[in-house]
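To be precise, the following lines are start-v6.tsv, and they hold TSV, C-alpha atoms.
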```tsv
chain	number	residue	atom	x	y	z
A	100	MET	CA	21.99	35.84	41.43
A	101	THR	CA	22.32	32.55	39.59
A	102	GLN	CA	18.69	31.69	40.35
A	103	PHE	CA	17.59	35.17	39.24
A	104	LEU	CA	19.25	34.70	35.84
A	105	SER	CA	18.22	31.09	35.36
A	106	ARG	CA	14.48	31.81	35.42
A	107	PRO	CA	14.46	34.19	32.39
A	108	LEU	CA	16.85	31.85	30.62
A	109	THR	CA	14.52	28.93	31.20
A	110	LEU	CA	11.57	30.98	29.99
A	111	SER	CA	13.45	31.98	26.83
A	112	VAL	CA	14.38	28.38	26.05
A	113	PHE	CA	10.78	27.33	26.59
A	114	CYS	CA	9.45	30.10	24.29
A	115	VAL	CA	11.91	29.21	21.53
A	116	PHE	CA	10.94	25.57	21.86
A	117	ALA	CA	7.23	26.44	21.79
A	118	LEU	CA	7.70	28.61	18.71
A	119	PHE	CA	9.57	25.81	16.99
A	120	VAL	CA	6.87	23.26	17.72
A	121	CYS	CA	3.94	25.57	16.91
A	122	GLY	CA	5.71	26.90	13.81
A	123	ALA	CA	6.20	23.41	12.39
A	124	ARG	CA	2.51	22.72	12.82
A	125	ALA	CA	1.51	26.00	11.23
A	126	GLN	CA	3.65	25.23	8.21
A	127	ALA	CA	1.79	21.98	7.51
A	128	ASP	CA	-0.31	22.47	4.41
A	129	ASP	CA	-4.03	21.81	4.42
A	130	ILE	CA	-5.14	20.94	0.92
A	131	SER	CA	-8.58	21.03	-0.68
A	132	GLY	CA	-10.42	22.40	-3.69
A	133	THR	CA	-9.13	22.66	-7.24
A	134	ILE	CA	-5.42	22.39	-8.04
A	135	ASN	CA	-4.45	24.14	-11.28
A	136	THR	CA	-0.65	23.91	-11.06
A	137	THR	CA	1.42	21.14	-9.53
A	138	LEU	CA	1.40	21.45	-5.75
A	139	VAL	CA	4.87	20.69	-4.39
A	140	LEU	CA	4.98	19.55	-0.78
A	141	HIS	CA	7.84	20.59	1.49
A	142	ASP	CA	6.26	19.80	4.86
A	143	ASP	CA	3.90	17.28	6.36
A	144	SER	CA	0.55	17.94	4.71
A	145	GLU	CA	-2.99	16.70	4.75
A	146	LEU	CA	-6.19	16.98	2.82
A	147	SER	CA	-8.89	19.01	4.53
A	148	GLY	CA	-11.39	18.36	1.73
A	149	ASP	CA	-11.76	16.68	-1.63
A	150	VAL	CA	-9.38	17.77	-4.37
A	151	THR	CA	-10.08	18.19	-8.08
A	152	CYS	CA	-7.02	18.22	-10.30
A	153	ALA	CA	-6.93	20.45	-13.37
A	154	VAL	CA	-3.19	20.64	-13.97
A	155	PRO	CA	-2.57	21.23	-17.69
A	156	LEU	CA	-0.04	19.05	-19.48
A	157	THR	CA	2.70	21.59	-20.16
A	158	SER	CA	5.96	19.87	-19.13
A	159	PRO	CA	7.69	16.89	-20.76
A	160	GLY	CA	7.13	13.74	-18.74
A	161	ALA	CA	4.93	13.53	-15.67
A	162	ASN	CA	2.66	16.45	-14.84
A	163	PRO	CA	1.54	15.55	-11.33
A	164	CYS	CA	-1.27	17.08	-9.38
A	165	ILE	CA	0.73	16.79	-6.14
A	166	SER	CA	4.47	16.18	-5.90
A	167	PHE	CA	6.81	15.51	-2.99
A	168	GLY	CA	9.51	18.20	-2.84
A	169	ALA	CA	11.34	17.07	0.29
A	170	ASP	CA	12.44	13.95	2.14
A	171	HIS	CA	11.06	12.83	5.51
A	172	ILE	CA	7.55	14.21	5.03
A	173	LYS	CA	4.11	12.68	4.69
A	174	LEU	CA	0.78	13.39	3.05
A	175	ARG	CA	-2.39	12.26	4.77
A	176	LEU	CA	-5.57	12.01	2.71
A	177	ASN	CA	-7.81	12.09	5.77
A	178	GLY	CA	-10.62	10.20	4.06
A	179	HIS	CA	-10.82	12.58	1.10
A	180	THR	CA	-10.61	12.03	-2.65
A	181	ILE	CA	-8.19	13.28	-5.29
A	182	THR	CA	-9.85	13.20	-8.69
A	183	GLY	CA	-8.18	13.64	-12.07
A	184	PRO	CA	-9.69	14.89	-15.31
A	185	VAL	CA	-10.46	11.71	-17.30
A	186	THR	CA	-12.80	8.76	-17.29
A	187	PRO	CA	-11.14	5.70	-18.87
A	188	PRO	CA	-10.84	4.85	-21.65
A	189	THR	CA	-11.69	8.37	-22.80
A	190	GLY	CA	-8.81	10.81	-22.51
A	191	CYS	CA	-6.23	8.25	-21.48
A	192	SER	CA	-2.53	8.64	-22.25
A	193	HIS	CA	-0.87	6.86	-25.17
A	194	GLN	CA	2.59	5.33	-25.00
A	195	VAL	CA	3.93	7.90	-27.47
A	196	ASP	CA	2.66	10.87	-25.46
A	197	ALA	CA	5.55	13.04	-24.24
A	198	MET	CA	3.48	14.64	-21.49
A	199	PHE	CA	1.11	12.85	-19.20
A	200	GLY	CA	-0.93	13.40	-16.07
A	201	VAL	CA	-0.53	11.58	-12.75
A	202	GLY	CA	-2.11	12.06	-9.36
A	203	ILE	CA	0.77	12.04	-6.88
A	204	ALA	CA	4.45	11.83	-7.88
A	205	VAL	CA	7.32	10.77	-5.63
A	206	LEU	CA	10.62	11.27	-7.48
A	207	ASP	CA	14.15	11.30	-6.05
A	208	ARG	CA	12.83	11.02	-2.50
A	209	SER	CA	13.61	9.06	0.63
A	210	ASP	CA	11.50	8.39	3.70
A	211	VAL	CA	8.19	9.83	2.55
A	212	LYS	CA	4.70	8.55	3.23
A	213	ILE	CA	1.30	8.68	1.57
A	214	GLU	CA	-1.31	7.65	4.06
A	215	GLY	CA	-5.01	6.96	3.74
A	216	PRO	CA	-7.76	6.34	4.02
A	217	GLY	CA	-8.47	8.21	0.82
A	218	ILE	CA	-9.06	7.79	-2.90
A	219	ILE	CA	-6.91	8.68	-5.92
A	220	GLN	CA	-8.77	8.27	-9.19
A	221	HIS	CA	-9.26	9.20	-12.85
A	222	PHE	CA	-5.74	10.12	-13.97
A	223	GLU	CA	-4.35	9.85	-17.50
A	224	ARG	CA	-1.58	7.42	-16.55
A	225	TRP	CA	-0.96	6.56	-12.91
A	226	GLY	CA	-2.78	7.44	-9.73
A	227	ILE	CA	0.50	7.31	-7.83
A	228	LEU	CA	3.90	7.41	-9.52
A	229	VAL	CA	6.76	6.27	-7.28
A	230	GLY	CA	10.06	6.81	-9.07
A	231	LEU	CA	11.10	6.93	-12.68
A	232	THR	CA	14.15	5.59	-14.46
A	233	GLY	CA	16.96	7.87	-13.26
A	234	HIS	CA	14.82	9.18	-10.41
A	235	PRO	CA	15.04	6.49	-7.73
A	236	ASN	CA	13.35	6.43	-4.35
A	237	SER	CA	13.86	4.56	-1.13
A	238	GLU	CA	11.84	4.02	2.00
A	239	VAL	CA	8.54	5.14	0.56
A	240	THR	CA	5.37	4.09	2.36
A	241	VAL	CA	1.97	3.98	0.68
A	242	LYS	CA	-0.66	2.76	3.09
A	243	LYS	CA	-4.45	2.46	3.15
A	244	ILE	CA	-4.90	4.22	-0.18
A	245	THR	CA	-7.60	3.32	-2.68
A	246	ALA	CA	-6.56	3.91	-6.29
A	247	ASP	CA	-9.27	3.24	-8.85
A	248	HIS	CA	-10.24	4.06	-12.42
A	249	ASN	CA	-6.81	5.32	-13.38
A	250	CYS	CA	-6.00	4.81	-17.06
A	251	TRP	CA	-2.72	2.92	-16.73
A	252	SER	CA	-2.08	1.74	-13.18
A	253	GLY	CA	-3.32	2.61	-9.75
A	254	MET	CA	0.30	2.86	-8.67
A	255	GLN	CA	3.52	2.47	-10.64
A	256	THR	CA	6.97	2.10	-9.11
A	257	PHE	CA	10.23	2.50	-10.99
A	258	SER	CA	13.66	2.11	-9.40
A	259	THR	CA	12.23	2.11	-5.90
A	260	SER	CA	13.70	0.15	-3.01
A	261	ASP	CA	13.17	-0.68	0.64
A	262	SER	CA	9.60	0.57	0.59
A	263	ASN	CA	6.31	-0.57	2.07
A	264	PHE	CA	3.07	-0.80	0.16
A	265	GLU	CA	0.47	-2.06	2.57
A	266	GLU	CA	-3.29	-2.27	3.03
A	267	ASN	CA	-4.09	-0.48	-0.20
A	268	VAL	CA	-6.90	-1.20	-2.64
A	269	PHE	CA	-6.27	-1.11	-6.38
A	270	ALA	CA	-9.49	-1.58	-8.30
A	271	SER	CA	-10.73	-1.06	-11.86
A	272	ASP	CA	-7.46	0.48	-13.01
A	273	SER	CA	-5.88	0.00	-16.41
A	274	GLY	CA	-9.07	0.44	-18.34
A	275	GLY	CA	-7.28	2.59	-20.91
A	276	SER	CA	-3.59	1.68	-21.00
A	277	ASN	CA	-3.57	1.72	-24.81
A	278	GLY	CA	-1.40	-1.39	-25.02
A	279	ALA	CA	0.95	-0.64	-22.12
A	280	GLY	CA	1.51	-3.40	-19.59
A	281	CYS	CA	-0.36	-2.02	-16.60
A	282	GLY	CA	-2.71	-2.95	-13.78
A	283	GLY	CA	-3.34	-2.32	-10.13
A	284	THR	CA	0.35	-1.93	-9.31
B	11	MET	CA	6.53	-2.47	-10.43
B	12	VAL	CA	9.55	-1.92	-12.64
B	13	SER	CA	13.13	-2.52	-11.50
B	14	SER	CA	12.14	-2.13	-7.88
B	15	LYS	CA	13.94	-4.03	-5.15
B	16	HIS	CA	13.61	-5.06	-1.53
B	17	ASN	CA	10.07	-3.75	-1.19
B	18	ARG	CA	7.23	-5.20	0.82
B	19	VAL	CA	3.84	-5.52	-0.85
B	20	ARG	CA	1.54	-6.79	1.86
B	21	LEU	CA	-2.13	-6.94	2.72
B	22	ASN	CA	-3.30	-5.13	-0.39
B	23	THR	CA	-6.37	-5.81	-2.51
B	24	PHE	CA	-6.17	-5.92	-6.30
B	25	TYR	CA	-9.61	-6.27	-7.83
B	26	GLY	CA	-10.93	-5.90	-11.36
B	27	ASN	CA	-7.91	-4.36	-13.02
B	28	GLY	CA	-6.98	-4.57	-16.68
B	29	SER	CA	-8.34	-4.81	-20.14
B	30	ALA	CA	-8.39	-7.99	-22.23
B	31	THR	CA	-7.57	-6.15	-25.43
B	32	SER	CA	-4.27	-4.74	-24.14
B	33	LYS	CA	-1.47	-6.89	-25.52
B	34	ASP	CA	2.28	-6.66	-26.12
B	35	SER	CA	1.68	-7.65	-29.74
B	36	THR	CA	-1.26	-8.57	-31.91
B	37	SER	CA	-0.10	-12.18	-31.97
B	38	ALA	CA	0.16	-12.48	-28.18
B	39	ALA	CA	-2.29	-14.93	-26.67
B	40	ASN	CA	-2.53	-13.17	-23.34
B	41	SER	CA	-3.30	-9.67	-22.18
B	42	ASN	CA	-0.44	-7.70	-20.62
B	43	ASN	CA	-2.67	-6.20	-17.93
B	44	PHE	CA	-2.78	-7.49	-14.37
B	45	GLY	CA	-3.51	-6.97	-10.70
B	46	LEU	CA	0.11	-6.89	-9.58
B	47	GLY	CA	3.06	-7.00	-11.97
B	48	LEU	CA	6.83	-7.29	-11.52
B	49	PHE	CA	8.97	-6.23	-14.47
B	50	GLY	CA	12.49	-5.22	-15.49
B	51	ALA	CA	14.93	-5.98	-12.69
B	52	SER	CA	12.41	-6.22	-9.89
B	53	GLN	CA	14.21	-8.36	-7.35
B	54	ASN	CA	13.99	-9.56	-3.77
B	55	ASN	CA	10.55	-8.15	-3.10
B	56	LEU	CA	8.16	-9.69	-0.62
B	57	VAL	CA	4.61	-10.13	-1.92
B	58	GLU	CA	2.59	-11.43	0.97
B	59	LYS	CA	-1.01	-11.84	2.11
B	60	ASN	CA	-2.57	-9.90	-0.74
B	61	LYS	CA	-5.98	-10.56	-2.29
B	62	ILE	CA	-5.83	-10.58	-6.06
B	63	GLY	CA	-9.05	-11.33	-7.93
B	64	GLY	CA	-11.09	-10.44	-10.98
B	65	ASN	CA	-8.15	-8.99	-12.90
B	66	ILE	CA	-7.26	-10.01	-16.45
B	67	ASN	CA	-4.10	-11.56	-15.01
B	68	GLY	CA	-3.68	-11.82	-11.27
B	69	LEU	CA	0.07	-11.77	-10.66
B	70	TYR	CA	2.25	-11.07	-13.71
B	71	LEU	CA	5.98	-11.76	-13.68
B	72	GLY	CA	7.70	-10.21	-16.66
B	73	GLY	CA	10.33	-11.79	-18.89
B	74	GLY	CA	13.91	-10.85	-19.63
B	75	GLY	CA	15.50	-12.95	-16.91
B	76	ASN	CA	15.87	-10.24	-14.28
B	77	VAL	CA	12.70	-10.76	-12.26
B	78	ILE	CA	14.37	-12.91	-9.63
B	79	GLY	CA	14.57	-13.50	-5.91
B	80	ASN	CA	11.02	-12.41	-5.18
B	81	ILE	CA	9.07	-14.21	-2.47
B	82	ILE	CA	5.37	-14.61	-3.22
B	83	ARG	CA	3.63	-16.25	-0.33
B	84	ARG	CA	0.27	-16.63	1.37
B	85	ASN	CA	-1.65	-14.62	-1.21
B	86	VAL	CA	-5.14	-15.41	-2.43
B	87	ILE	CA	-4.96	-15.18	-6.23
B	88	LEU	CA	-8.25	-16.37	-7.66
B	89	GLY	CA	-10.79	-15.44	-10.30
B	90	ASN	CA	-8.28	-14.07	-12.79
B	91	PRO	CA	-9.47	-13.51	-15.46
B	92	PRO	CA	-13.18	-13.18	-14.64
B	93	GLY	CA	-15.67	-15.45	-16.37
B	94	GLU	CA	-16.92	-12.81	-18.75
B	95	ALA	CA	-13.40	-12.22	-20.08
B	96	ILE	CA	-12.88	-15.95	-20.53
B	97	ARG	CA	-16.17	-16.23	-22.41
B	98	GLU	CA	-15.30	-13.36	-24.74
B	99	PHE	CA	-11.57	-13.93	-25.22
B	100	GLY	CA	-10.84	-17.54	-24.21
B	101	ASP	CA	-8.86	-19.16	-21.41
B	102	SER	CA	-5.50	-17.99	-22.70
B	103	ILE	CA	-6.26	-14.32	-22.19
B	104	GLY	CA	-5.00	-14.48	-18.61
B	105	ALA	CA	-4.30	-16.56	-15.53
B	106	ASP	CA	-4.12	-16.25	-11.79
B	107	ILE	CA	-0.33	-16.31	-12.17
B	108	GLN	CA	1.15	-15.33	-15.55
B	109	ASP	CA	4.82	-16.12	-15.24
B	110	PHE	CA	7.42	-15.16	-17.85
B	111	SER	CA	10.31	-15.22	-15.39
B	112	ALA	CA	13.00	-17.87	-15.49
B	113	PRO	CA	11.90	-21.15	-13.89
B	114	GLY	CA	12.76	-21.48	-10.23
B	115	LYS	CA	14.09	-17.94	-9.84
B	116	ASN	CA	11.23	-16.76	-7.65
B	117	THR	CA	9.68	-18.43	-4.62
B	118	PHE	CA	6.00	-19.32	-4.44
B	119	ASP	CA	4.81	-20.54	-1.08
B	120	GLY	CA	1.35	-21.14	0.28
B	121	ASN	CA	-0.60	-19.12	-2.27
B	122	ARG	CA	-4.19	-20.03	-3.06
B	123	CYS	CA	-4.58	-20.05	-6.81
B	124	LEU	CA	-6.12	-22.10	-9.58
B	125	THR	CA	-4.50	-21.23	-12.90
B	126	TYR	CA	-0.87	-20.77	-13.84
B	127	SER	CA	0.73	-19.96	-17.16
B	128	GLY	CA	4.49	-20.16	-17.36
B	129	ALA	CA	7.53	-22.40	-17.54
B	130	GLY	CA	6.86	-23.72	-14.07
B	131	PRO	CA	7.11	-25.45	-11.77
B	132	SER	CA	3.46	-24.55	-11.37
B	133	PRO	CA	2.36	-23.40	-7.92
B	134	CYS	CA	-1.28	-23.77	-8.96
B	135	PRO	CA	-3.77	-25.19	-8.44
B	136	ASN	CA	-3.35	-24.84	-4.73
B	137	PHE	CA	-6.39	-24.37	-2.56
B	138	GLY	CA	-4.70	-24.86	0.78
B	139	ASN	CA	-4.13	-27.72	3.14
B	140	PRO	CA	-7.31	-28.74	4.97
B	141	ASN	CA	-5.33	-28.55	8.20
B	142	ASP	CA	-3.97	-25.05	7.57
B	143	GLU	CA	-6.99	-23.15	8.83
B	144	ASP	CA	-7.47	-25.50	11.78
B	145	ALA	CA	-3.83	-25.02	12.74
B	146	GLU	CA	-4.12	-21.26	12.41
B	147	GLN	CA	-7.27	-21.14	14.54
B	148	GLU	CA	-5.66	-23.40	17.11
B	149	ALA	CA	-2.64	-21.08	17.25
B	150	VAL	CA	-4.91	-18.08	17.83
B	151	ALA	CA	-6.86	-19.95	20.52
B	152	ALA	CA	-3.63	-21.00	22.25
B	153	PHE	CA	-2.43	-17.41	22.21
B	154	VAL	CA	-5.68	-16.20	23.79
B	155	ARG	CA	-5.59	-18.96	26.42
B	156	ASN	CA	-2.01	-18.11	27.29
B	157	ARG	CA	-2.85	-14.42	27.59
B	158	LEU	CA	-5.86	-15.08	29.83
B	159	ALA	CA	-3.76	-17.36	32.02
B	160	SER	CA	-1.13	-14.65	32.38
B	161	GLN	CA	-3.78	-12.11	33.34
B	162	ALA	CA	-5.23	-14.52	35.89
B	163	ARG	CA	-1.80	-15.06	37.45
B	164	VAL	CA	-1.27	-11.30	37.75
B	165	PHE	CA	-4.77	-10.86	39.22
B	166	ASN	CA	-4.18	-13.57	41.79
B	167	ALA	CA	-0.79	-12.18	42.73
B	168	VAL	CA	-2.21	-8.70	43.33
B	169	TYR	CA	-5.68	-9.30	44.73
B	170	ARG	CA	-5.61	-12.53	46.69
B	171	LEU	CA	-6.53	-11.88	50.30
B	172	ASN	CA	-3.15	-12.53	51.85
B	173	SER	CA	-1.30	-10.67	49.15
B	174	PRO	CA	1.48	-8.39	50.41
B	175	PHE	CA	0.25	-5.78	47.93
B	176	LEU	CA	-3.16	-5.59	49.55
B	177	SER	CA	-1.91	-5.56	53.11
B	178	LYS	CA	0.39	-2.64	52.34
B	179	ALA	CA	-2.18	-0.60	50.47
B	180	ALA	CA	-4.11	1.54	52.91
B	181	GLY	CA	-7.87	1.16	52.56
B	182	PHE	CA	-7.55	-1.83	50.32
B	183	ALA	CA	-6.64	-4.44	52.88
B	184	ALA	CA	-8.98	-7.37	53.02
B	185	PRO	CA	-10.79	-6.29	56.21
B	186	GLY	CA	-11.30	-2.84	54.73
B	187	LEU	CA	-12.95	-4.33	51.69
B	188	THR	CA	-15.52	-6.05	53.82
B	189	ARG	CA	-16.29	-2.81	55.60
B	190	LEU	CA	-17.10	-1.13	52.28
B	191	ILE	CA	-20.14	-3.36	51.94
B	192	PRO	CA	-23.07	-1.54	53.56
B	193	SER	CA	-24.57	-3.42	56.47
B	194	ARG	CA	-28.27	-4.11	56.49
```

The structure given in the file should be rewritten as structure tokens.
Amino acid sequence: MTQFLSRPLTLSVFCVFALFVCGARAQADDISGTINTTLVLHDDSELSGDVTCAVPLTSPGANPCISFGADHIKLRLNGHTITGPVTPPTGCSHQVDAMFGVGIAVLDRSDVKIEGPGIIQHFERWGILVGLTGHPNSEVTVKKITADHNCWSGMQTFSTSDSNFEENVFASDSGGSNGAGCGGT
Amino acid sequence: MVSSKHNRVRLNTFYGNGSATSKDSTSAANSNNFGLGLFGASQNNLVEKNKIGGNINGLYLGGGGNVIGNIIRRNVILGNPPGEAIREFGDSIGADIQDFSAPGKNTFDGNRCLTYSGAGPSPCPNFGNPNDEDAEQEAVAAFVRNRLASQARVFNAVYRLNSPFLSKAAGFAAPGLTRLIPSR
């Protein structure tokens, strides 16, 4: 009798486990095409094609193309490119601008990862924004990303700790910082 | 990087960033653009084994007295600013290391660089010790030799003819091996 009951029980546990595993994979977002409003990530995600960002500047502060909305998740670029709307120095943000565009924003997050290879380019301020004053991060990894031709910096970190920034390329950024102290990172 | 602490910035490439005309004030001699910059209260970061070249400034350490405790080691910081920028704007427009931090508050060790602007002590010019590369190559060679020797010892222990491993493995005993060779 015990053996008779244990087999269905085992099968049920296995099915629940399989659903959990398969469900988590199904929830992972595949991203490509044009993004018109900020895409907020809540699960592990990856690019399945190149992305063009056309997010309008409507909110005070950063108006990112992609934003991390949860801890312990990662975004893989999979060799694809995220392209913003400007070509420096034309269209670049000024220091007095209340609203500005960035490629990827990581604010108030812990243990998140942006992983290349892949390119982030042509944004009004920063290709990658990691933290802001009052919005600290910890344990952020940015690896094997190429950030180029962004107006201010390829990547900017504010109030970020215990993080790894490795094997990235920052090239030809800060061609339109309009007096702000900027650069590759 | 602004007010960021205990981070590791390693193995990155910073090439061709910055504009010579971007300055903190019209009277400033140098551009405020750079390859990699530490500002505010950026403290206790490790900046290691990066390649930083062709930027208006290579590495930029901001003023204010709170950029402290950072370790900057084994980076190649050369060609900042590029020749064209020097020709157009003069030598003072940038440097491999532009340092406005308090003297002695950050550690520079084993970087390859040519130009430094700051209160010092200057870590540049430093183009390496002639023995550094030899020592590094010797260390790699020693590692490979040691690894090959270990593999050889394992091979001998397993495959030598009177090995207990071979005699216990059916079909792989030494006499069996000879029988696998077709007779002519």

Checklist entry - So which one's closest to Pro159 (chain A), A:Val211, A:Leu140, A:Ile130, A:Met198? Using only C-alpha atoms, please. => result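 So, comparing all the options, the nearest one is A:Met198.
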
For a quick test of understanding: name the residues of chain A lying within 7 Å of chain B when counting only C-alpha atoms, and present them as a compact mmCIF listing (two decimals) with C-alpha atoms, in the frame of the given file.
```
# COMPACT_ATOMS: atom_id res chain seq x y z
CA GLN A 255 3.52 2.47 -10.64
CA THR A 256 6.97 2.10 -9.11
CA PHE A 257 10.23 2.50 -10.99
CA SER A 258 13.66 2.11 -9.40
CA THR A 259 12.23 2.11 -5.90
CA SER A 260 13.70 0.15 -3.01
CA ASP A 261 13.17 -0.68 0.64
CA SER A 262 9.60 0.57 0.59
CA ASN A 263 6.31 -0.57 2.07
CA PHE A 264 3.07 -0.80 0.16
CA GLU A 265 0.47 -2.06 2.57
CA GLU A 266 -3.29 -2.27 3.03
CA ASN A 267 -4.09 -0.48 -0.20
CA VAL A 268 -6.90 -1.20 -2.64
CA PHE A 269 -6.27 -1.11 -6.38
CA ALA A 270 -9.49 -1.58 -8.30
CA SER A 271 -10.73 -1.06 -11.86
CA ASP A 272 -7.46 0.48 -13.01
CA SER A 273 -5.88 0.00 -16.41
CA GLY A 274 -9.07 0.44 -18.34
CA ASN A 277 -3.57 1.72 -24.81
CA GLY A 278 -1.40 -1.39 -25.02
CA ALA A 279 0.95 -0.64 -22.12
CA GLY A 280 1.51 -3.40 -19.59
CA CYS A 281 -0.36 -2.02 -16.60
CA GLY A 282 -2.71 -2.95 -13.78
CA GLY A 283 -3.34 -2.32 -10.13
CA THR A 284 0.35 -1.93 -9.31
```

Checklist entry - Which neighbours of His141 (chain A) fall inside 9 Å, counting all atoms listed in the file, when residues of the same chain fewer than 4 positions from it are skipped, and could you give them as a ChimeraX atom specification? => result /A:127-128,167-170,172

Next on the checklist: So, with only C-alpha atoms as the atoms that count, which of B:Asn156, B:Gln147, B:Asn80, B:Ser102 lies closest to Ala38 (chain B)?
Outcome noted: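 The closest residue to Ala38 (chain B) is B:Ser102.
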
Checklist entry - Can you tell me how far CA of Ser144 (chain A) sits from CA of Leu176 (chain A), in Å to one decimal? => result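 Computing the Euclidean distance for CA of Ser144 (chain A) and CA of Leu176 (chain A) yields 8.8 Å.
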
Next on the checklist: What's the separation between CA of Gly130 (chain B) and CA of Asn116 (chain B), in Å to one decimal place?
Outcome noted: 10.4 Å

Checklist entry - Nearest to Leu156 (chain A) among A:Thr180, A:Lys173, A:Ala197, A:Leu138, with distances taken over only C-alpha atoms: which residue is it? => result A:Ala197

Checklist entry - What residues have an atom no more than 10 Å from (-10.7, 7.7, -21.6) in the file's own frame, counting all atoms listed in the file, and can you write them as a list in words? => result Pro184, Val185, Thr186, Pro187, Pro188, Thr189, Gly190, Cys191, Ser192, His221, Phe222, Glu223, His248, Asn249, Cys250, Gly274, Gly275, Ser276 and Asn277 of chain A

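If you look at CA of Asp106 (chain B) and CA of Leu124 (chain B), they are 6.6 Å away from each other.
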